[in-house]
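Encoded as structure tokens, the structure appears first; notes follow it.
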Amino acid sequence: MKLMETELDADKKAAFYRDLVAAAGAENVTDNEVVRATYAFDISPNLPCLPEFVVKPKSVAQVQEILKTCDRYVVPVTPIAAGLNAAGTCIPSPGGIALDLRWMDNILEINTEAAYALVEPGVTFDKLSSALNKVGFRTHVPTAPGGASVMGNSLNGAGELPGRHADPILALEAVLPSGEIVRTGSAAVPGGSWQSPSGPYAGLTHLFCCFGTMGVVTKMAIRIYPILEDRRVLMVGFDAFSAAMPFANEVLRSGIAEASIVWNHHFYKSYDIAVKREGPPDMPTELSGDARKPPDYLPYNIVTVHMSGYRDDMDGHQKTCDVLAARFGGKLLDRQEWEDRIPGLFRATAQFFTEYHAPKMEHNKKYGMGKYIPWIIPSPAARLVGIEAMALDKMCDDLGAQPVFYYVKANDRGRSWVFRIFSYFDPDDRQLHQRVRETYNDMFKWALEKYNIAPTRHRRARGSVLDQLGGYGHLLKSIKQVVDPNNIMNPGVGIF
């Protein structure tokens with residue numbers, strides 16, 4: 001399979017530029033070095049790479065012509081939705097283009113009867129949440145701030161679904177490198193609607209959830225949910241991860257919670273950080289310590305239990321949650337008692353999980369203070385205690401990049417869990433960047449060898465995990481060869 005590693009020569013580059021302009025319009029194509037530099041990196045420690053061109057289409061027809069042009073010249077394409085990129089998956093490939101889709105930002109339909117919203121790539125959670133709130137609906141709770149793309153988060157977070165809510169994606173439209181348009185689910189039928197992931201034959205939607213490696217998704221129908229009478233977030237403190245996990249599992253399996261997340265003490269204390277216009281941020285002293293050793297007055301983990309429904313039901317569920325917390329060795333935290341020990345946490349989680357919009361910017365700006373990349377694996381609950389301990393040892397001892405954060409989030413009522421651990425570190429420390437990359441490579445290796453779990457984020461330096469997945473990997477590669485024989489679709493993530 002082809003992979004472009006060098007720049008186009010001058011003559012081909014000039015011809016390619018002319019054809020790009022013909023495909024997208026001169027105002028939508030640039031090789032300005034300053035503009036290109038803004039697409040070369042994100043806050044992860046992955047190596048930067050300048051795209052040859054930045055292209056900003058405004059229609060599906062333009063996306064079709066752009067992809068056909070890139071396929072003809074065998075030029076890599078890296079799709080970008082809203083630009084809030086954090087894990088290296090939108091860093092362009094050498095000699096490639098950045099395909100910025102943020103100008104395609106229309107909410108095409110809100111269907112409250114069938115409970116879906118049809119959106120383009122540039123639609124953000126803030127924009128969609130505002131529109132949905134007017135009709136009494138909301139989206140799933142994202143693993144992203146309000147300025148993130150609904151589509152991008154749903155595609156890249158298909159393995160990180162909250163609690164009892166189902167996969168957010170119902171159906172989608174994608175453009176293949178050939179320029180052909182493919183619709184999945186019920187939308188596959190000409191003139192069909194977008195309400196169901198079940199099409200006339202085999203489901204193909206999740207072929208396009210591989211970080212833009214199969215095609216460019218231009219429309220997506222996602223599930224929406226009615227805003228119910230009562231919405232609450234309970235917080236339960238635990239002194240051991242081994243106790244927090246079975247409690248979180250129980251509240252999901254019992255139907256008490258619609259979502260449950262386990263947070264380590266560094267993460268929930270990070271809400272203390274206030275970023276001002278002048279001076280350094282107010283950094284809680286606890287964040288400079290070992291993530292394995294919280295202060296005596298703080299729980300090792302806090303489990304957030306997100307509930308919604310009718311008020312009488314919620315009163316009963318809260319009482320049951322209190323009983324379960326005691327059974328598993330935890331304590332339901334009273335806001336008035338704990339507000340001074342964990343400032344900002346109750347307010348921020350209420351905004352995020354009951355008001356359905358991102359916490360105030362003071363809770364998001366801090367994440368721009370350093371380099372960040374998550375180490376993410378899906379896992380059954382039984383393996384997570386060992387994974388948490390090994391990951392913390394690796395991060396705290398081998399890596400030594402402080403502070404260290406993690407959270408664990410449930411899929412499908414706790415049938416599976418996603419473990420995400422990361423640190424924020426000095427963006428100017430190049431040696432530490434390299435140690436982070438090496439440490440993460442080691443961590444992905446032992447997760448695969450010891451726990452038989454494949455990572456959910458890829459970069460080319462790690463090679464393809466598909467080679468270790470037997471028949472599944474072989475089949476996916478075969479499909480990729482048919483759909484994208486020149487391998488122009490985001491080869492930088494290293495899946496193919």
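Labels used: A, B, ... for chains in the order of the structure tokens, numbers from 1 for residues in each chain, and numbers from 1 for ligands as shown.
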
Exercise for the section: Would you please extract all helix (DSSP H, G or I) residues from range 215-311 of chain A, as assigned by DSSP on the backbone, and give them as number ranges by chain? Expected result: A: 241-253, 265-272, 285-288, 311

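Counting only C-alpha atoms, Val34 in chain A has the following residues at most 12 Å away, ignoring those fewer than 2 positions along the same chain: Thr30, Asp31, Asn32, Arg36, Ala37, Thr38, Tyr39, Ala40, Leu50, Pro51, Glu52, Phe53 and Val54 of chain A.
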
Would you save the residues from that selection as a CSV table (one decimal), in the first residue's frame, using N, CA and C atoms?
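selection.csv, freshly written:
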```csv
chain,number,residue,atom,x,y,z
A,30,THR,N,-4.9,27.4,0.6
A,30,THR,CA,-3.8,28.3,0.9
A,30,THR,C,-2.5,27.5,1.1
A,31,ASP,N,-1.4,28.0,0.8
A,31,ASP,CA,-0.1,27.5,1.1
A,31,ASP,C,0.7,28.5,2.0
A,32,ASN,N,0.0,29.5,2.6
A,32,ASN,CA,0.6,30.4,3.5
A,32,ASN,C,1.3,29.7,4.6
A,36,ARG,N,-0.4,27.4,7.6
A,36,ARG,CA,0.0,26.0,7.6
A,36,ARG,C,0.6,25.6,8.9
A,37,ALA,N,1.3,26.5,9.5
A,37,ALA,CA,2.0,26.2,10.8
A,37,ALA,C,0.9,25.9,11.9
A,38,THR,N,-0.2,26.5,11.8
A,38,THR,CA,-1.2,26.3,12.9
A,38,THR,C,-1.9,25.0,12.8
A,39,TYR,N,-1.7,24.3,11.7
A,39,TYR,CA,-2.2,22.9,11.6
A,39,TYR,C,-1.1,21.8,11.8
A,40,ALA,N,0.1,22.2,12.1
A,40,ALA,CA,1.2,21.3,12.1
A,40,ALA,C,1.3,20.5,13.4
A,50,LEU,N,4.2,20.1,8.9
A,50,LEU,CA,3.5,21.1,8.1
A,50,LEU,C,2.7,20.5,6.9
A,51,PRO,N,1.5,20.8,6.7
A,51,PRO,CA,0.8,20.4,5.5
A,51,PRO,C,1.3,21.2,4.3
A,52,GLU,N,1.2,20.6,3.1
A,52,GLU,CA,1.6,21.4,1.9
A,52,GLU,C,0.6,22.5,1.7
A,53,PHE,N,-0.7,22.1,1.9
A,53,PHE,CA,-1.8,23.1,1.7
A,53,PHE,C,-2.8,22.9,2.8
A,54,VAL,N,-3.5,24.0,3.1
A,54,VAL,CA,-4.7,23.9,3.9
A,54,VAL,C,-5.9,24.2,3.0
```

Do you know which residues are at most 8 Å from Tyr268 in chain A counting only C-alpha atoms, after dropping those on the same chain fewer than 4 positions away, and could you put them as an mmCIF file with C-alpha atoms, in the first residue's frame?
```cif
data_model
loop_
_atom_site.group_PDB
_atom_site.id
_atom_site.type_symbol
_atom_site.label_atom_id
_atom_site.label_comp_id
_atom_site.auth_asym_id
_atom_site.auth_seq_id
_atom_site.Cartn_x
_atom_site.Cartn_y
_atom_site.Cartn_z
ATOM 1 C CA TRP A 263 -11.848 10.108 38.745
ATOM 2 C CA ASN A 264 -8.456 10.057 40.432
ATOM 3 C CA ILE A 302 -14.449 10.101 43.407
ATOM 4 C CA ILE A 342 -12.568 20.357 46.238
ATOM 5 C CA LEU A 345 -15.946 20.356 41.225
#
```

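For Glu286 in chain A, the list of residues within 8 Å, based on only C-alpha atoms and with local chain neighbours fewer than 6 positions off taken out, reads A:His266, A:Lys269, A:Pro294, A:Pro295.
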
Practice task
Give me the residues within 9 Å of range 225-235 of chain A as a PyMOL selection string, counting only C-alpha atoms and dropping any in the same chain fewer than 6 places off.
Solution key: chain A and resi 112+115-116+133+135-140+302-312+314+318+321+331-335+346+349-350+353-355

Handout entry: strand (DSSP E or B) call set, DSSP backbone run, range 217-311 of chain A, as a PyMOL selection string
Key = chain A and resi 217-223+225-226+230-238+259-264+274+282+301-309

Per residue of range 381-405 of chain A within 8 Å of range 417-431 of chain A, what are the shortest atom pair and its distance in Å to one decimal, counting only C-alpha atoms, with rows by chain and residue number, as JSON lines?
```
{"residue": "A:Ala381", "atom": "CA", "partner": "A:Trp417", "partner_atom": "CA", "distance": 6.3}
{"residue": "A:Leu384", "atom": "CA", "partner": "A:Phe419", "partner_atom": "CA", "distance": 7.8}
{"residue": "A:Ala391", "atom": "CA", "partner": "A:Ile421", "partner_atom": "CA", "distance": 7.7}
{"residue": "A:Ala401", "atom": "CA", "partner": "A:Phe425", "partner_atom": "CA", "distance": 6.0}
{"residue": "A:Gln402", "atom": "CA", "partner": "A:Ser423", "partner_atom": "CA", "distance": 6.1}
{"residue": "A:Pro403", "atom": "CA", "partner": "A:Ser423", "partner_atom": "CA", "distance": 5.6}
{"residue": "A:Val404", "atom": "CA", "partner": "A:Ser423", "partner_atom": "CA", "distance": 4.5}
{"residue": "A:Phe405", "atom": "CA", "partner": "A:Phe422", "partner_atom": "CA", "distance": 5.5}
```

Exercise for the section: Pick out the residues sitting within 6 Å of range 195-210 of chain A, and hand them over as a PyMOL selection string; count only C-alpha atoms, and ignore anything fewer than 3 positions along from it in its own chain. Expected result: chain A and resi 155+170-171+184-186+213-214
